[in-house]
Amino acid sequence: MYEPIAESLAPELLKLLERVLQEYPDKKLLRDIIVTKVVEELNEEARRGQLPPMPPEWEIKRRFEDYVVSISTSLFRSLRRERVQDLIKSYGRVIVLIGAGFSSDAGIPLARFLNKIDFKEALKDKLKSEEFKKIFKQDMVEREVVKVTKAHEIVAEMFHHKVIIEIICLNWDDLIEKAYQHMYSRKIRKINREEQQPSDDDGDGFYHYLWKFHGDVEDLDYEWIYPGMGGRVFRAFHQYVPELQKHALVFLIIGYSEQEEEIKEEVIRPLESSKYIHTFRIGMDLRLFNQYPKNYIVAPAEWIVPVLFEEARKLML
Amino acid sequence: MASPIQTAVPRVIEEKLKEILAQPRLLTFDQLKFIATEVLPLSSRLPSLERLEKCLRRDVYRRRKAYEDKYHINWEYTLLDPLKEIKGLESLSPEEKIKRYLRAEALAEFELAHIQLLNKFINGEINYDEYEKEIRNMAERICGELRIV
């Protein structure tokens with residue numbers, strides 16, 4: 001019932017974003033995400049028999065405005081007041097956890113893949129799972145449907161310079177690997193199977209790996225983790241977490257929906273609860289923004305990742 | 001001599017309205033409520049609709065300006081500007097115009113409360129649930145009493 005009203009307000013809502021968040025990269029996308037969330041909230045309330053006290057167009061505008069104000073406040077707080085860039089530059093020791101929304105460019109075709117398969121079927125049927133992996137590999141890797149973005153390059157670069165100490169990538173694609181290979185002409189250190197043992201080659205107390213808990217397009221023989229399976233964390237990483245709790249300083253969760261219990265319980269919660277670690281979430285998920293208003297930055301990774309590592313990169317160049 | 005239509009308007013309402021129209025101050029919320037609930041149903045029988053319209057129009061502008069000065073609201077940046085409510089009313093009937101002015105007044109009142117609450121929420125003085133609850137109560141009171149919905 002609210003959709004047509006929201007649609008008629010769309011140009012006005014976009015104008016507000018253009019005035020308030022001038023530097024924001026994709027204002028139309030942000031508007032659509034906020035409007036979808038507001039309409040979803042209002043429809044949900046209507047289903048419960050709770051009608052808004054104000055005329056619907058006011059209610060939509062008011063809620064839209066609230067989101068814009070709190071999103072811009074959180075951006076201001078993170079980038080200007082807390083200066084996450086300075087935190088990263090001064091201390092390094094960043095852990096990055098990457099989910100499907102890491103790159104909006106990579107995310108859109110991914111959604112298409114997800115429609116091609118019923119994951120419940122893939123869980124039960126090994127053949128279906130194998131078939132999915134092959135289609136994924138063909139489209140993602142061989143046909144190069146998805147390209148490496150600036151955000152992938154920066155993560156690879158900062159990992160190379162040891163500003164980022166560990167990358168946890170829950171995506172099956174190999175875009176970070178490709179970026180790293182392209183920049184440094186060698187393979188990135190990676191753990192993508194339970195049985196692989198990490199080694200502390202630098203002797204600095206960190207392993208320095210790209211961890212791929214959920215499967216890897218470069219390793220089709222190993223079991224992949226699909227949505228709805230609850231996630232997977234390798235034992236070696238599990239044992240490593242207490243060290244990270246004591247010695248890591250920044251934890252960036254980028255584009256991850258936080259749906260898998262295993263990842264939430266074994267990785268996010270312990271690292272976030274460490275008194276030494278500053279945790280920031282980045283993404284376009286307003287459900288998580290409402291849940292973590294203090295440390296969620298509503299921004300596309302492609303735009304915000306270069307901004308966050310800008311100061312650290314100046315030191316390297 | 002008063003026309004039969006004029007005499008049909010209850011005298012007490014007419015007298016009260018005259019008082020309101022004569023005052024130079026901003027209208028109070030109770031006075032707006034009185035216009036919405038007592039005057040508006042009789043508006044087609046009122047002699048001085050134009051004066052009431054003018055008074056409400058003036059009031060919307062002044063209320064908006066007063067909030068701007070007192071609370072530094074930059075209406076440029078808001079979607080809920082009361083002035084937008086009273087644009088392009090020429091073709092409407094006097095009763096409809098009065099309703100729209102009342103809507104604008106309600107919006108000005110509400111937007112003030114909204115901004116104050118939003119500041120509290122942003123500063124962490126209240127959480128989101130408290131903010132939502134308060135804003136809902138406020139909207140229910142203002143919109144309900146001015147019969148906006």
# chains A, B, ... in the order shown; residues from 1 in each chain; ligands from 1

call {"tool": "residues_around", "arguments": {"residues": "Lys190 of chain A", "least_positions_apart": "3", "cutoff": "6 Å", "atoms": "only C-alpha atoms", "output": "list in words"}}
result
Tyr209, Leu210 and Trp211 of chain A

call {"tool": "closest_atom_pairs", "arguments": {"of": "segment 99-146 of chain B", "to": "segment 29-44 of chain B", "cutoff": "12 Å", "atoms": "only C-alpha atoms", "output": "JSON lines"}}
result
{"residue": "B:Lys99", "atom": "CA", "partner": "B:Ala36", "partner_atom": "CA", "distance": 7.7}
{"residue": "B:Arg100", "atom": "CA", "partner": "B:Ala36", "partner_atom": "CA", "distance": 10.7}
{"residue": "B:Tyr101", "atom": "CA", "partner": "B:Leu32", "partner_atom": "CA", "distance": 10.0}
{"residue": "B:Leu102", "atom": "CA", "partner": "B:Ala36", "partner_atom": "CA", "distance": 7.2}
{"residue": "B:Arg103", "atom": "CA", "partner": "B:Ala36", "partner_atom": "CA", "distance": 9.8}
{"residue": "B:Ala104", "atom": "CA", "partner": "B:Leu32", "partner_atom": "CA", "distance": 11.2}
{"residue": "B:Glu105", "atom": "CA", "partner": "B:Leu32", "partner_atom": "CA", "distance": 8.1}
{"residue": "B:Ala106", "atom": "CA", "partner": "B:Leu32", "partner_atom": "CA", "distance": 8.9}
{"residue": "B:Ala108", "atom": "CA", "partner": "B:Phe29", "partner_atom": "CA", "distance": 11.2}
{"residue": "B:Glu109", "atom": "CA", "partner": "B:Phe29", "partner_atom": "CA", "distance": 8.7}
{"residue": "B:Phe110", "atom": "CA", "partner": "B:Phe29", "partner_atom": "CA", "distance": 11.4}
{"residue": "B:Arg141", "atom": "CA", "partner": "B:Lys33", "partner_atom": "CA", "distance": 10.9}
{"residue": "B:Ile142", "atom": "CA", "partner": "B:Phe29", "partner_atom": "CA", "distance": 8.7}
{"residue": "B:Cys143", "atom": "CA", "partner": "B:Lys33", "partner_atom": "CA", "distance": 10.1}
{"residue": "B:Gly144", "atom": "CA", "partner": "B:Lys33", "partner_atom": "CA", "distance": 9.7}
{"residue": "B:Glu145", "atom": "CA", "partner": "B:Lys33", "partner_atom": "CA", "distance": 6.2}
{"residue": "B:Leu146", "atom": "CA", "partner": "B:Lys33", "partner_atom": "CA", "distance": 5.4}

call {"tool": "residues_around", "arguments": {"residues": "Glu130 of chain B", "least_positions_apart": "5", "cutoff": "12 Å", "atoms": "only C-alpha atoms", "output": "JSON, numbers by chain"}}
result
{"B": [117, 118, 120, 121, 124, 125, 135, 136, 137]}

call {"tool": "write_last_selection", "arguments": {"atoms": "C-alpha atoms", "output": "CSV table (one decimal), in the first residue's frame"}}
result
chain,number,residue,atom,x,y,z
B,117,LEU,CA,13.9,14.1,19.6
B,118,LEU,CA,16.2,13.2,16.7
B,120,LYS,CA,18.4,13.3,21.6
B,121,PHE,CA,18.6,10.0,19.7
B,124,GLY,CA,22.6,8.8,22.6
B,125,GLU,CA,20.2,10.2,25.3
B,135,ILE,CA,7.5,10.4,17.9
B,136,ARG,CA,4.4,8.2,17.5
B,137,ASN,CA,2.8,9.7,20.6

call {"tool": "closest_atom_pairs", "arguments": {"of": "chain B", "to": "chain A", "cutoff": "7 Å", "atoms": "only C-alpha atoms", "output": "CSV"}}
result
residue,atom,partner,partner_atom,distance
B:Tyr77,CA,A:Leu16,CA,6.4
B:Leu79,CA,A:Lys61,CA,6.1
B:Leu80,CA,A:Lys61,CA,6.9
B:Ile122,CA,A:Ser70,CA,7.0
B:Arg136,CA,A:Pro53,CA,6.6
B:Ala139,CA,A:Pro53,CA,5.8
B:Glu140,CA,A:Pro53,CA,5.0
B:Cys143,CA,A:Met54,CA,6.3
B:Val149,CA,A:Pro55,CA,5.4

call {"tool": "select_by_dssp", "arguments": {"residues": "segment 32-176 of chain A", "states": "strand (DSSP E)", "output": "list in words"}}
result
Val94, Ile95, Val96, Leu97, Ile98, Ile164, Ile165, Glu166, Ile167, Ile168 and Cys169 of chain A

call {"tool": "closest_residue", "arguments": {"among": "B:Lys97, B:His114, B:Lys18, B:Lys70", "to": "Arg57 of chain B", "atoms": "only C-alpha atoms"}}
result
B:Lys97

call {"tool": "closest_atom_pairs", "arguments": {"of": "segment 191-255 of chain A", "to": "segment 84-98 of chain A", "cutoff": "10 Å", "atoms": "only C-alpha atoms", "output": "CSV"}}
result
residue,atom,partner,partner_atom,distance
A:Phe206,CA,A:Arg93,CA,9.3
A:His208,CA,A:Ile95,CA,9.9
A:Leu210,CA,A:Val96,CA,9.6
A:Trp211,CA,A:Leu97,CA,9.3
A:Lys212,CA,A:Ile98,CA,9.9
A:Leu244,CA,A:Ile95,CA,8.7
A:His247,CA,A:Arg93,CA,7.7
A:Ala248,CA,A:Arg93,CA,5.1
A:Leu249,CA,A:Arg93,CA,5.5
A:Val250,CA,A:Val94,CA,4.6
A:Phe251,CA,A:Ile95,CA,4.8
A:Leu252,CA,A:Val96,CA,4.8
A:Ile253,CA,A:Leu97,CA,4.7
A:Ile254,CA,A:Ile98,CA,5.0
A:Gly255,CA,A:Ile98,CA,6.2

call {"tool": "closest_residue", "arguments": {"among": "A:Tyr67, A:Phe309, A:Phe102, A:Phe132", "to": "Cys169 of chain A", "atoms": "only C-alpha atoms"}}
result
A:Phe102

call {"tool": "residues_around", "arguments": {"residues": "Leu52 of chain B", "least_positions_apart": "3", "cutoff": "8 Å", "atoms": "only C-alpha atoms", "output": "list in words"}}
result
Leu21, Ser48, Leu49, Cys55, Leu56 and Ile98 of chain B
